[in-house]
file coords-v8.cif (mmCIF, C-alpha atoms and all ligand atoms)
data_upload
#
loop_
_atom_site.group_PDB
_atom_site.id
_atom_site.type_symbol
_atom_site.label_atom_id
_atom_site.label_comp_id
_atom_site.auth_asym_id
_atom_site.auth_seq_id
_atom_site.Cartn_x
_atom_site.Cartn_y
_atom_site.Cartn_z
ATOM 1 C CA MET O 291 0.000 0.000 0.000
ATOM 2 C CA ALA O 292 0.989 3.602 -0.487
ATOM 3 C CA TYR O 293 2.462 5.565 2.398
ATOM 4 C CA SER O 294 -0.390 7.799 3.312
ATOM 5 C CA ILE O 295 -0.507 11.085 5.200
ATOM 6 C CA ALA O 296 -3.560 13.147 6.116
ATOM 7 C CA ILE O 297 -3.616 16.741 7.307
ATOM 8 C CA ALA O 298 -6.037 17.984 9.937
ATOM 9 C CA GLY O 299 -6.483 20.987 12.204
ATOM 10 C CA LYS O 300 -8.533 24.052 13.009
ATOM 11 C CA GLY O 301 -9.751 26.202 10.120
ATOM 12 C CA GLY O 302 -7.102 28.468 8.631
ATOM 13 C CA THR O 303 -4.090 26.897 10.378
ATOM 14 C CA GLY O 304 -2.493 25.978 7.033
ATOM 15 C CA LYS O 305 -3.740 22.447 6.281
ATOM 16 C CA THR O 306 -4.079 22.957 2.541
ATOM 17 C CA THR O 307 -0.702 24.683 2.384
ATOM 18 C CA VAL O 308 0.940 21.782 4.251
ATOM 19 C CA ALA O 309 -0.862 19.290 1.978
ATOM 20 C CA ALA O 310 0.253 21.092 -1.194
ATOM 21 C CA LEU O 311 3.862 21.397 -0.017
ATOM 22 C CA SER O 312 3.829 17.707 0.949
ATOM 23 C CA VAL O 313 2.617 16.741 -2.523
ATOM 24 C CA LEU O 314 5.459 18.775 -4.052
ATOM 25 C CA HIS O 315 7.951 17.233 -1.646
ATOM 26 C CA PHE O 316 6.970 13.679 -2.589
ATOM 27 C CA CYS O 317 7.039 14.613 -6.293
ATOM 28 C CA GLU O 318 10.517 16.040 -5.927
ATOM 29 C CA LYS O 319 11.680 12.833 -4.273
ATOM 30 C CA ASN O 320 10.927 11.283 -7.638
ATOM 31 C CA ASN O 321 10.146 8.076 -5.895
ATOM 32 C CA GLY O 322 6.921 6.811 -7.375
ATOM 33 C CA PRO O 323 3.541 8.327 -8.189
ATOM 34 C CA VAL O 324 1.747 10.632 -5.750
ATOM 35 C CA LEU O 325 -2.003 10.916 -5.230
ATOM 36 C CA ALA O 326 -3.361 14.134 -3.732
ATOM 37 C CA ILE O 327 -6.870 13.839 -2.284
ATOM 38 C CA ASP O 328 -8.875 16.946 -1.518
ATOM 39 C CA ALA O 329 -11.378 15.785 1.093
ATOM 40 C CA ASP O 330 -12.493 19.303 2.041
ATOM 41 C CA PRO O 331 -15.982 20.037 0.616
ATOM 42 C CA ASP O 332 -14.796 23.617 0.218
ATOM 43 C CA ALA O 333 -12.142 22.268 -2.129
ATOM 44 C CA ASN O 334 -9.088 24.383 -2.913
ATOM 45 C CA LEU O 335 -6.112 22.027 -2.991
ATOM 46 C CA GLY O 336 -6.365 21.968 -6.818
ATOM 47 C CA THR O 337 -6.081 25.750 -6.998
ATOM 48 C CA ILE O 338 -3.037 25.832 -4.720
ATOM 49 C CA LEU O 339 -1.432 23.096 -6.820
ATOM 50 C CA GLY O 340 -2.291 24.913 -10.047
ATOM 51 C CA ILE O 341 -4.804 22.359 -11.318
ATOM 52 C CA GLU O 342 -8.215 23.032 -12.733
ATOM 53 C CA VAL O 343 -10.693 20.563 -11.276
ATOM 54 C CA ASN O 344 -13.312 19.557 -13.814
ATOM 55 C CA LYS O 345 -15.397 17.268 -11.684
ATOM 56 C CA THR O 346 -15.607 16.083 -8.105
ATOM 57 C CA ILE O 347 -16.769 12.771 -6.645
ATOM 58 C CA GLY O 348 -19.798 14.587 -5.265
ATOM 59 C CA GLU O 349 -20.748 15.690 -8.783
ATOM 60 C CA LEU O 350 -20.190 12.182 -10.125
ATOM 61 C CA ARG O 351 -22.652 10.823 -7.541
ATOM 62 C CA GLU O 352 -25.200 13.420 -8.623
ATOM 63 C CA ASP O 353 -24.622 12.506 -12.291
ATOM 64 C CA VAL O 354 -25.357 8.846 -11.594
ATOM 65 C CA LEU O 355 -28.641 9.649 -9.883
ATOM 66 C CA ARG O 356 -29.647 12.036 -12.644
ATOM 67 C CA GLU O 357 -28.543 9.916 -15.597
ATOM 68 C CA ILE O 358 -29.597 6.513 -14.366
ATOM 69 C CA LYS O 359 -32.783 6.462 -16.454
ATOM 70 C CA ASN O 360 -30.746 7.234 -19.593
ATOM 71 C CA PHE O 361 -28.109 4.544 -19.091
ATOM 72 C CA PRO O 362 -27.612 2.544 -22.297
ATOM 73 C CA PRO O 363 -28.338 -1.202 -22.110
ATOM 74 C CA GLY O 364 -25.525 -2.989 -20.348
ATOM 75 C CA MET O 365 -24.465 0.084 -18.368
ATOM 76 C CA ASP O 366 -25.088 -0.019 -14.627
ATOM 77 C CA LYS O 367 -24.171 2.204 -11.710
ATOM 78 C CA ALA O 368 -20.940 0.325 -11.100
ATOM 79 C CA ASN O 369 -19.722 0.770 -14.721
ATOM 80 C CA TYR O 370 -20.670 4.416 -14.623
ATOM 81 C CA VAL O 371 -18.893 5.123 -11.334
ATOM 82 C CA GLU O 372 -15.777 3.228 -12.379
ATOM 83 C CA ALA O 373 -15.516 5.038 -15.710
ATOM 84 C CA GLY O 374 -16.387 8.376 -14.096
ATOM 85 C CA LEU O 375 -13.752 8.008 -11.411
ATOM 86 C CA HIS O 376 -11.023 7.556 -13.991
ATOM 87 C CA GLN O 377 -12.172 10.759 -15.681
ATOM 88 C CA ILE O 378 -12.264 12.671 -12.407
ATOM 89 C CA ILE O 379 -8.643 12.031 -11.577
ATOM 90 C CA GLU O 380 -6.716 15.057 -12.758
ATOM 91 C CA GLU O 381 -3.250 14.135 -13.940
ATOM 92 C CA SER O 382 -0.371 16.503 -13.467
ATOM 93 C CA LYS O 383 3.406 16.374 -13.496
ATOM 94 C CA GLY O 384 4.373 13.762 -10.907
ATOM 95 C CA PHE O 385 1.024 13.570 -9.155
ATOM 96 C CA ASP O 386 -2.681 13.011 -9.634
ATOM 97 C CA LEU O 387 -5.483 14.809 -7.840
ATOM 98 C CA LEU O 388 -8.827 13.439 -6.684
ATOM 99 C CA THR O 389 -11.347 15.990 -5.396
ATOM 100 C CA MET O 390 -14.138 14.715 -3.167
ATOM 101 C CA GLY O 391 -16.371 17.786 -3.396
ATOM 102 C CA ARG O 392 -19.600 18.319 -1.530
ATOM 103 C CA GLY O 393 -21.309 15.672 0.540
ATOM 104 C CA GLU O 394 -24.543 14.006 -0.274
ATOM 105 C CA GLY O 395 -27.825 15.638 -1.190
ATOM 106 C CA SER O 396 -31.141 14.049 -0.416
ATOM 107 C CA GLY O 397 -30.889 11.069 -2.781
ATOM 108 C CA CYS O 398 -30.025 7.484 -1.882
ATOM 109 C CA TYR O 399 -26.276 7.342 -1.698
ATOM 110 C CA CYS O 400 -25.336 4.273 0.323
ATOM 111 C CA TYR O 401 -24.753 2.005 -2.644
ATOM 112 C CA LEU O 402 -23.052 4.787 -4.604
ATOM 113 C CA ASN O 403 -20.744 5.517 -1.690
ATOM 114 C CA SER O 404 -19.775 1.899 -1.441
ATOM 115 C CA LEU O 405 -19.008 1.876 -5.183
ATOM 116 C CA VAL O 406 -16.883 5.022 -4.909
ATOM 117 C CA ARG O 407 -15.045 3.459 -1.975
ATOM 118 C CA LYS O 408 -14.422 0.225 -3.779
ATOM 119 C CA PHE O 409 -13.106 1.807 -6.974
ATOM 120 C CA SER O 410 -11.010 4.354 -5.071
ATOM 121 C CA GLU O 411 -9.452 1.563 -3.049
ATOM 122 C CA ASP O 412 -8.642 -0.252 -6.266
ATOM 123 C CA LEU O 413 -6.715 2.826 -7.392
ATOM 124 C CA PHE O 414 -4.640 3.363 -4.265
ATOM 125 C CA PRO O 415 -2.105 0.542 -4.743
ATOM 126 C CA SER O 416 -0.858 2.200 -7.938
ATOM 127 C CA TYR O 417 0.523 5.094 -5.878
ATOM 128 C CA ASN O 418 3.543 5.220 -3.591
ATOM 129 C CA TRP O 419 2.401 8.303 -1.700
ATOM 130 C CA ILE O 420 -1.031 9.593 -0.777
ATOM 131 C CA VAL O 421 -1.594 13.050 0.719
ATOM 132 C CA MET O 422 -5.074 13.934 1.939
ATOM 133 C CA ASP O 423 -6.198 17.467 2.780
ATOM 134 C CA ASN O 424 -9.201 17.654 5.091
ATOM 135 C CA GLU O 425 -11.825 20.076 6.203
ATOM 136 C CA ALA O 426 -11.402 21.653 9.625
ATOM 137 C CA GLY O 427 -11.957 19.217 12.504
ATOM 138 C CA LEU O 428 -11.902 15.475 11.962
ATOM 139 C CA GLU O 429 -15.434 14.258 12.497
ATOM 140 C CA HIS O 430 -15.816 13.346 8.843
ATOM 141 C CA ILE O 431 -12.642 11.314 8.515
ATOM 142 C CA SER O 432 -14.141 7.977 9.450
ATOM 143 C CA ARG O 433 -16.972 8.524 6.973
ATOM 144 C CA ARG O 434 -14.842 9.793 4.138
ATOM 145 C CA THR O 435 -11.813 7.582 4.096
ATOM 146 C CA THR O 436 -11.302 3.921 3.953
ATOM 147 C CA ASN O 437 -7.626 3.751 3.269
ATOM 148 C CA ASN O 438 -5.389 3.592 6.286
ATOM 149 C CA ILE O 439 -3.489 6.674 7.315
ATOM 150 C CA ASP O 440 0.137 6.185 8.279
ATOM 151 C CA ALA O 441 0.668 9.687 9.615
ATOM 152 C CA LEU O 442 -1.956 12.199 10.648
ATOM 153 C CA LEU O 443 -0.387 15.656 10.710
ATOM 154 C CA ILE O 444 -2.294 18.032 12.976
ATOM 155 C CA VAL O 445 -1.507 21.663 12.202
ATOM 156 C CA VAL O 446 -1.670 24.272 14.961
ATOM 157 C CA ASN O 447 -0.846 27.975 15.039
ATOM 158 C CA ASP O 448 -0.568 30.378 17.953
ATOM 159 C CA ASN O 449 -4.314 30.580 18.447
ATOM 160 C CA PRO O 450 -4.999 28.557 21.641
ATOM 161 C CA ILE O 451 -8.227 27.306 20.062
ATOM 162 C CA SER O 452 -6.165 25.458 17.457
ATOM 163 C CA LEU O 453 -4.621 23.486 20.331
ATOM 164 C CA ASN O 454 -8.068 22.582 21.631
ATOM 165 C CA THR O 455 -8.965 21.411 18.132
ATOM 166 C CA ALA O 456 -5.766 19.341 18.063
ATOM 167 C CA LYS O 457 -6.822 17.705 21.321
ATOM 168 C CA THR O 458 -10.246 16.804 19.929
ATOM 169 C CA ILE O 459 -8.683 15.462 16.749
ATOM 170 C CA LYS O 460 -6.286 13.327 18.787
ATOM 171 C CA LYS O 461 -9.269 11.910 20.694
ATOM 172 C CA ILE O 462 -11.156 11.071 17.489
ATOM 173 C CA ALA O 463 -7.979 9.629 15.971
ATOM 174 C CA SER O 464 -7.534 7.374 19.009
ATOM 175 C CA GLU O 465 -11.044 6.063 18.458
ATOM 176 C CA LEU O 466 -9.995 5.235 14.873
ATOM 177 C CA LYS O 467 -6.859 3.409 15.968
ATOM 178 C CA SER O 468 -7.337 0.742 13.335
ATOM 179 C CA LYS O 469 -7.219 3.367 10.574
ATOM 180 C CA ILE O 470 -4.716 5.919 11.830
ATOM 181 C CA LYS O 471 -1.284 4.645 12.780
ATOM 182 C CA LYS O 472 0.253 7.738 14.334
ATOM 183 C CA GLU O 473 -0.551 11.389 15.011
ATOM 184 C CA TYR O 474 1.926 14.255 14.932
ATOM 185 C CA VAL O 475 1.608 17.941 15.591
ATOM 186 C CA ILE O 476 3.124 20.697 13.423
ATOM 187 C CA THR O 477 3.287 24.384 14.272
ATOM 188 C CA ASN O 478 2.709 26.831 11.437
ATOM 189 C CA MET O 479 3.103 30.605 11.253
ATOM 190 C CA VAL O 480 3.828 30.954 14.978
ATOM 191 C CA ARG O 481 5.593 34.202 15.817
ATOM 192 C CA ASP O 482 9.122 33.709 17.157
ATOM 193 C CA GLU O 483 8.395 35.262 20.549
ATOM 194 C CA ARG O 484 5.486 32.830 21.084
ATOM 195 C CA LYS O 485 7.228 29.659 19.962
ATOM 196 C CA GLN O 486 8.465 28.596 23.391
ATOM 197 C CA GLU O 487 5.070 29.025 25.025
ATOM 198 C CA VAL O 488 3.271 27.228 22.171
ATOM 199 C CA ARG O 489 5.720 24.315 22.470
ATOM 200 C CA LYS O 490 4.988 24.108 26.204
ATOM 201 C CA ARG O 491 1.260 23.954 25.517
ATOM 202 C CA ILE O 492 1.829 21.263 22.887
ATOM 203 C CA ASP O 493 3.695 19.140 25.442
ATOM 204 C CA ASP O 494 0.446 18.953 27.428
ATOM 205 C CA LEU O 495 -1.391 17.513 24.422
ATOM 206 C CA ASN O 496 0.521 14.277 24.442
ATOM 207 C CA ILE O 497 0.942 14.273 20.680
ATOM 208 C CA GLU O 498 4.407 13.960 19.190
ATOM 209 C CA TYR O 499 5.699 17.308 17.948
ATOM 210 C CA ILE O 500 7.621 17.020 14.690
ATOM 211 C CA GLY O 501 8.416 20.488 13.510
ATOM 212 C CA ASP O 502 7.708 24.088 12.749
ATOM 213 C CA ILE O 503 6.900 25.927 9.539
ATOM 214 C CA PRO O 504 7.673 29.613 9.923
ATOM 215 C CA PHE O 505 5.682 32.318 8.191
ATOM 216 C CA ASP O 506 7.000 32.322 4.621
ATOM 217 C CA THR O 507 6.851 35.648 2.808
ATOM 218 C CA ALA O 508 7.596 34.065 -0.584
ATOM 219 C CA LEU O 509 4.676 31.661 -0.110
ATOM 220 C CA GLY O 510 2.387 34.457 1.049
ATOM 221 C CA ASP O 511 3.339 36.530 -2.013
ATOM 222 C CA ALA O 512 2.763 33.617 -4.406
ATOM 223 C CA VAL O 513 -0.693 32.970 -2.918
ATOM 224 C CA PHE O 514 -1.521 36.687 -2.998
ATOM 225 C CA GLN O 515 -0.626 36.807 -6.694
ATOM 226 C CA GLY O 516 -2.762 33.741 -7.379
ATOM 227 C CA LYS O 517 0.282 31.643 -8.276
ATOM 228 C CA PRO O 518 0.312 27.910 -7.448
ATOM 229 C CA VAL O 519 2.859 26.710 -4.890
ATOM 230 C CA ILE O 520 4.561 24.785 -7.654
ATOM 231 C CA THR O 521 6.089 28.096 -8.779
ATOM 232 C CA LEU O 522 7.977 28.452 -5.483
ATOM 233 C CA ASN O 523 11.702 27.924 -5.684
ATOM 234 C CA GLU O 524 13.518 27.194 -2.458
ATOM 235 C CA SER O 525 11.514 28.671 0.362
ATOM 236 C CA ILE O 526 11.553 28.362 4.134
ATOM 237 C CA ALA O 527 8.168 26.604 4.142
ATOM 238 C CA LYS O 528 9.330 24.064 1.552
ATOM 239 C CA LYS O 529 12.519 23.373 3.504
ATOM 240 C CA SER O 530 10.581 22.974 6.739
ATOM 241 C CA ILE O 531 8.142 20.486 5.196
ATOM 242 C CA LYS O 532 11.028 18.461 3.848
ATOM 243 C CA LYS O 533 12.573 18.256 7.320
ATOM 244 C CA ILE O 534 9.248 17.227 8.825
ATOM 245 C CA LEU O 535 8.410 14.566 6.252
ATOM 246 C CA ASP O 536 11.905 13.095 6.369
ATOM 247 C CA LYS O 537 11.336 12.498 10.090
ATOM 248 C CA ILE O 538 8.107 10.574 9.857
ATOM 249 C CA GLY O 539 9.229 7.566 7.884
ATOM 250 C CA GLY O 540 7.801 6.199 4.696
ATOM 251 C CA LYS O 541 11.109 7.180 3.117
ATOM 252 C CA ASN O 542 10.564 5.125 0.004
ATOM 253 C CA GLY O 543 6.809 5.251 -0.245
ATOM 254 C CA ASN O 544 4.753 2.120 0.442
ATOM 255 C CA THR O 545 4.426 0.587 3.855
HETATM 256 N N1 LIG T 1 3.843 29.043 6.484
HETATM 257 C C1 LIG T 1 3.054 29.946 5.871
HETATM 258 N N2 LIG T 1 3.589 31.123 5.462
HETATM 259 C C2 LIG T 1 2.834 32.066 4.869
HETATM 260 N N3 LIG T 1 1.514 31.941 4.640
HETATM 261 C C3 LIG T 1 0.923 30.783 5.023
HETATM 262 C C4 LIG T 1 1.654 29.731 5.644
HETATM 263 N N4 LIG T 1 0.804 28.718 5.907
HETATM 264 C C5 LIG T 1 -0.409 29.111 5.467
HETATM 265 N N5 LIG T 1 -0.349 30.349 4.937
HETATM 266 C C6 LIG T 1 -1.482 31.144 4.424
HETATM 267 O O1 LIG T 1 -2.489 31.137 5.426
HETATM 268 C C7 LIG T 1 -3.785 31.046 4.835
HETATM 269 C C8 LIG T 1 -4.525 29.816 5.348
HETATM 270 O O2 LIG T 1 -3.835 28.663 4.897
HETATM 271 P P1 LIG T 1 -4.606 27.363 4.367
HETATM 272 O O3 LIG T 1 -5.623 27.702 3.349
HETATM 273 O O4 LIG T 1 -3.540 26.384 3.994
HETATM 274 O O5 LIG T 1 -5.326 26.932 5.719
HETATM 275 P P2 LIG T 1 -6.401 25.767 5.932
HETATM 276 O O6 LIG T 1 -6.151 25.222 7.292
HETATM 277 O O7 LIG T 1 -6.344 24.808 4.794
HETATM 278 O O8 LIG T 1 -7.753 26.598 5.884
HETATM 279 P P3 LIG T 1 -9.250 25.976 5.793
HETATM 280 O O9 LIG T 1 -9.573 25.471 7.179
HETATM 281 O O10 LIG T 1 -10.060 27.160 5.399
HETATM 282 O O11 LIG T 1 -9.234 24.885 4.764
HETATM 283 C C9 LIG T 1 -3.548 31.026 3.327
HETATM 284 O O12 LIG T 1 -3.658 32.331 2.833
HETATM 285 C C10 LIG T 1 -2.112 30.536 3.197
HETATM 286 O O13 LIG T 1 -1.511 31.009 2.021
HETATM 287 MG MG MG T 2 -7.870 24.132 3.541
#
call {"tool": "encode", "arguments": {"input": "coords-v8.cif", "output": "structure tokens"}}
result
Amino acid sequence: MAYSIAIAGKGGTGKTTVAALSVLHFCEKNNGPVLAIDADPDANLGTILGIEVNKTIGELREDVLREIKNFPPGMDKANYVEAGLHQIIEESKGFDLLTMGRGEGSGCYCYLNSLVRKFSEDLFPSYNWIVMDNEAGLEHISRRTTNNIDALLIVVNDNPISLNTAKTIKKIASELKSKIKKEYVITNMVRDERKQEVRKRIDDLNIEYIGDIPFDTALGDAVFQGKPVITLNESIAKKSIKKILDKIGGKNGNT
């Protein structure tokens, strides 16, 4: 199986940024294909990575329900979902992107969800690395994912509420022990003069701390100009992610 990381944390702490930089890091390792999964309904990982998303899994589910009466003979939901999923995967240099999109409407989705799960799972073994960006919090993770997560990276900043969120996420992750192997905490954009105090507070969380990403002006400028992170040359955020990911194992992809 691929080595799989998922990013979680309070809203605005930098989850999508960490996910995008992780995707680039694994691509630059040049060590097998990378799958980026955007599991935030308010999807923006594609934008940060410079990819136009044509369709999401949520839209595919809606298509099935709408088109089912027009299916040609011999076509069933399973064929449709399988073919649709292959079209949804956006291919880019060194990585592919799968965007989950919005959750279910009022239709009957149980069977469709199980189809999506099955066909997604069939895809995963062809990747060495999987990086999943999530919506704030973690309540959805057991619903949304089936693949196991080797490392759950919880992002915090200097807002004390982000530490409370980290604590809740850790609790939920512990309840999903069979799916999530290990949790780590990352600090992002914490001002230098607060770093020591934030580290102290993290110690109380009982989650392994693996590193800090300082505020990165080059990254901020790129985002402000609407440029994807792929355009960043060496930057402090990129270097920090590399250091972090080199610490957590999965050095060659696959577990
Ligand atoms: N290390 C950093 N240096 C500079 N800017 C950063 C850094 N990390 C994140 N940002 C900026 O902070 C903002 C929030 O980041 P991001 O969108 O990654 O957070 P998020 O946790 O994914 O938010 P949401 O909960 O809304 O999905 C963005 O404008 C991003 O460019
Ligand atoms: Mg985000």
call {"tool": "residues_around", "arguments": {"input": "coords-v8.cif", "residues": "Leu314 (chain O)", "least_positions_apart": "6", "cutoff": "10 Å", "atoms": "all atoms listed in the file", "output": "PyMOL selection string"}}
result
chain O and resi 308+320+324+326+339+383-385+519-520+528+531-532
call {"tool": "closest_residue", "arguments": {"input": "coords-v8.cif", "among": "O:Ala463, O:Leu387, O:Ile538, O:Ala292", "to": "Pro415 (chain O)", "atoms": "all atoms listed in the file"}}
result
O:Ala292
call {"tool": "resolve_selection", "arguments": {"input": "coords-v8.cif", "expression": "the PyMOL selection byres (((chain O and resi 366-377) around 7) and not hetatm)", "output": "list of chain:residue names"}}
result
O:Leu350, O:Val354, O:Gly364, O:Met365, O:Ile378, O:Ile379, O:Leu405, O:Val406, O:Phe409
call {"tool": "residues_near_ligand", "arguments": {"input": "coords-v8.cif", "ligand": "ligand MG 2 (chain T)", "cutoff": "12 Å", "atoms": "all atoms listed in the file", "output": "PDB file with C-alpha atoms, in the coordinates of the input"}}
result
ATOM      1  CA  ILE O 297      -3.616  16.741   7.307  1.00  0.00           C
ATOM      2  CA  ALA O 298      -6.037  17.984   9.937  1.00  0.00           C
ATOM      3  CA  GLY O 299      -6.483  20.987  12.204  1.00  0.00           C
ATOM      4  CA  LYS O 300      -8.533  24.052  13.009  1.00  0.00           C
ATOM      5  CA  GLY O 301      -9.751  26.202  10.120  1.00  0.00           C
ATOM      6  CA  GLY O 302      -7.102  28.468   8.631  1.00  0.00           C
ATOM      7  CA  THR O 303      -4.090  26.897  10.378  1.00  0.00           C
ATOM      8  CA  GLY O 304      -2.493  25.978   7.033  1.00  0.00           C
ATOM      9  CA  LYS O 305      -3.740  22.447   6.281  1.00  0.00           C
ATOM     10  CA  THR O 306      -4.079  22.957   2.541  1.00  0.00           C
ATOM     11  CA  THR O 307      -0.702  24.683   2.384  1.00  0.00           C
ATOM     12  CA  VAL O 308       0.940  21.782   4.251  1.00  0.00           C
ATOM     13  CA  ALA O 309      -0.862  19.290   1.978  1.00  0.00           C
ATOM     14  CA  ALA O 310       0.253  21.092  -1.194  1.00  0.00           C
ATOM     15  CA  ILE O 327      -6.870  13.839  -2.284  1.00  0.00           C
ATOM     16  CA  ASP O 328      -8.875  16.946  -1.518  1.00  0.00           C
ATOM     17  CA  ALA O 329     -11.378  15.785   1.093  1.00  0.00           C
ATOM     18  CA  ASP O 330     -12.493  19.303   2.041  1.00  0.00           C
ATOM     19  CA  PRO O 331     -15.982  20.037   0.616  1.00  0.00           C
ATOM     20  CA  ASP O 332     -14.796  23.617   0.218  1.00  0.00           C
ATOM     21  CA  ALA O 333     -12.142  22.268  -2.129  1.00  0.00           C
ATOM     22  CA  ASN O 334      -9.088  24.383  -2.913  1.00  0.00           C
ATOM     23  CA  LEU O 335      -6.112  22.027  -2.991  1.00  0.00           C
ATOM     24  CA  GLY O 336      -6.365  21.968  -6.818  1.00  0.00           C
ATOM     25  CA  THR O 337      -6.081  25.750  -6.998  1.00  0.00           C
ATOM     26  CA  ILE O 338      -3.037  25.832  -4.720  1.00  0.00           C
ATOM     27  CA  MET O 422      -5.074  13.934   1.939  1.00  0.00           C
ATOM     28  CA  ASP O 423      -6.198  17.467   2.780  1.00  0.00           C
ATOM     29  CA  ASN O 424      -9.201  17.654   5.091  1.00  0.00           C
ATOM     30  CA  GLU O 425     -11.825  20.076   6.203  1.00  0.00           C
ATOM     31  CA  ALA O 426     -11.402  21.653   9.625  1.00  0.00           C
ATOM     32  CA  GLY O 427     -11.957  19.217  12.504  1.00  0.00           C
ATOM     33  CA  VAL O 445      -1.507  21.663  12.202  1.00  0.00           C
TER      34      VAL O 445
END
call {"tool": "closest_residue", "arguments": {"input": "coords-v8.cif", "among": "O:Glu394, O:Asp440, O:Glu411, O:Glu352", "to": "Ile295 (chain O)", "atoms": "only C-alpha atoms"}}
result
O:Asp440
call {"tool": "resolve_selection", "arguments": {"input": "coords-v8.cif", "expression": "the PyMOL selection byres (((chain O and resi 472-485) around 10) and not hetatm)", "output": "PyMOL selection string"}}
result
chain O and resi 295-299+303-305+307-308+439-449+453+456+459-460+463-464+467+469-471+486-492+495-506+527+530-531+534+538
call {"tool": "residues_near_point", "arguments": {"input": "coords-v8.cif", "point": "(-14.4, 18.6, -12.8)", "cutoff": "9 Å", "atoms": "only C-alpha atoms", "output": "ChimeraX atom specification"}}
result
/O:342-347,349,377-380,389
call {"tool": "axis_aligned_box", "arguments": {"input": "coords-v8.cif", "around": "region 486-490 of chain O", "padding_each_side": "4 Å", "output": "lines of an AutoDock Vina configuration file"}}
result
center_x = 5.9
center_y = 26.6
center_z = 24.2
size_x = 13.2
size_y = 12.9
size_z = 12.0
call {"tool": "atom_distance", "arguments": {"input": "coords-v8.cif", "atom1": "CA of Val513 (chain O)", "atom2": "CA of Leu535 (chain O)"}}
result
22.5 Å
call {"tool": "closest_residue", "arguments": {"input": "coords-v8.cif", "among": "O:Met390, O:Leu466, O:Leu311, O:Cys317", "to": "ligand LIG 1 (chain T)", "atoms": "all atoms listed in the file"}}
result
O:Leu311
call {"tool": "closest_residue", "arguments": {"input": "coords-v8.cif", "among": "O:Asp412, O:Asp511, O:Asp494, O:Asp353", "to": "ligand LIG 1 (chain T)", "atoms": "all atoms listed in the file"}}
result
O:Asp511
call {"tool": "atom_distance", "arguments": {"input": "coords-v8.cif", "atom1": "CA of Glu381 (chain O)", "atom2": "CA of Gly340 (chain O)"}}
result
11.5 Å
call {"tool": "atom_distance", "arguments": {"input": "coords-v8.cif", "atom1": "CA of Gly516 (chain O)", "atom2": "CA of Thr455 (chain O)"}}
result
29.0 Å
call {"tool": "closest_residue", "arguments": {"input": "coords-v8.cif", "among": "O:Lys408, O:Trp419, O:Met291, O:Gly393", "to": "Glu318 (chain O)", "atoms": "only C-alpha atoms"}}
result
O:Trp419
call {"tool": "closest_residue", "arguments": {"input": "coords-v8.cif", "among": "O:Tyr401, O:Ser312, O:Asp493, O:Asn360", "to": "ligand LIG 1 (chain T)", "atoms": "all atoms listed in the file"}}
result
O:Ser312
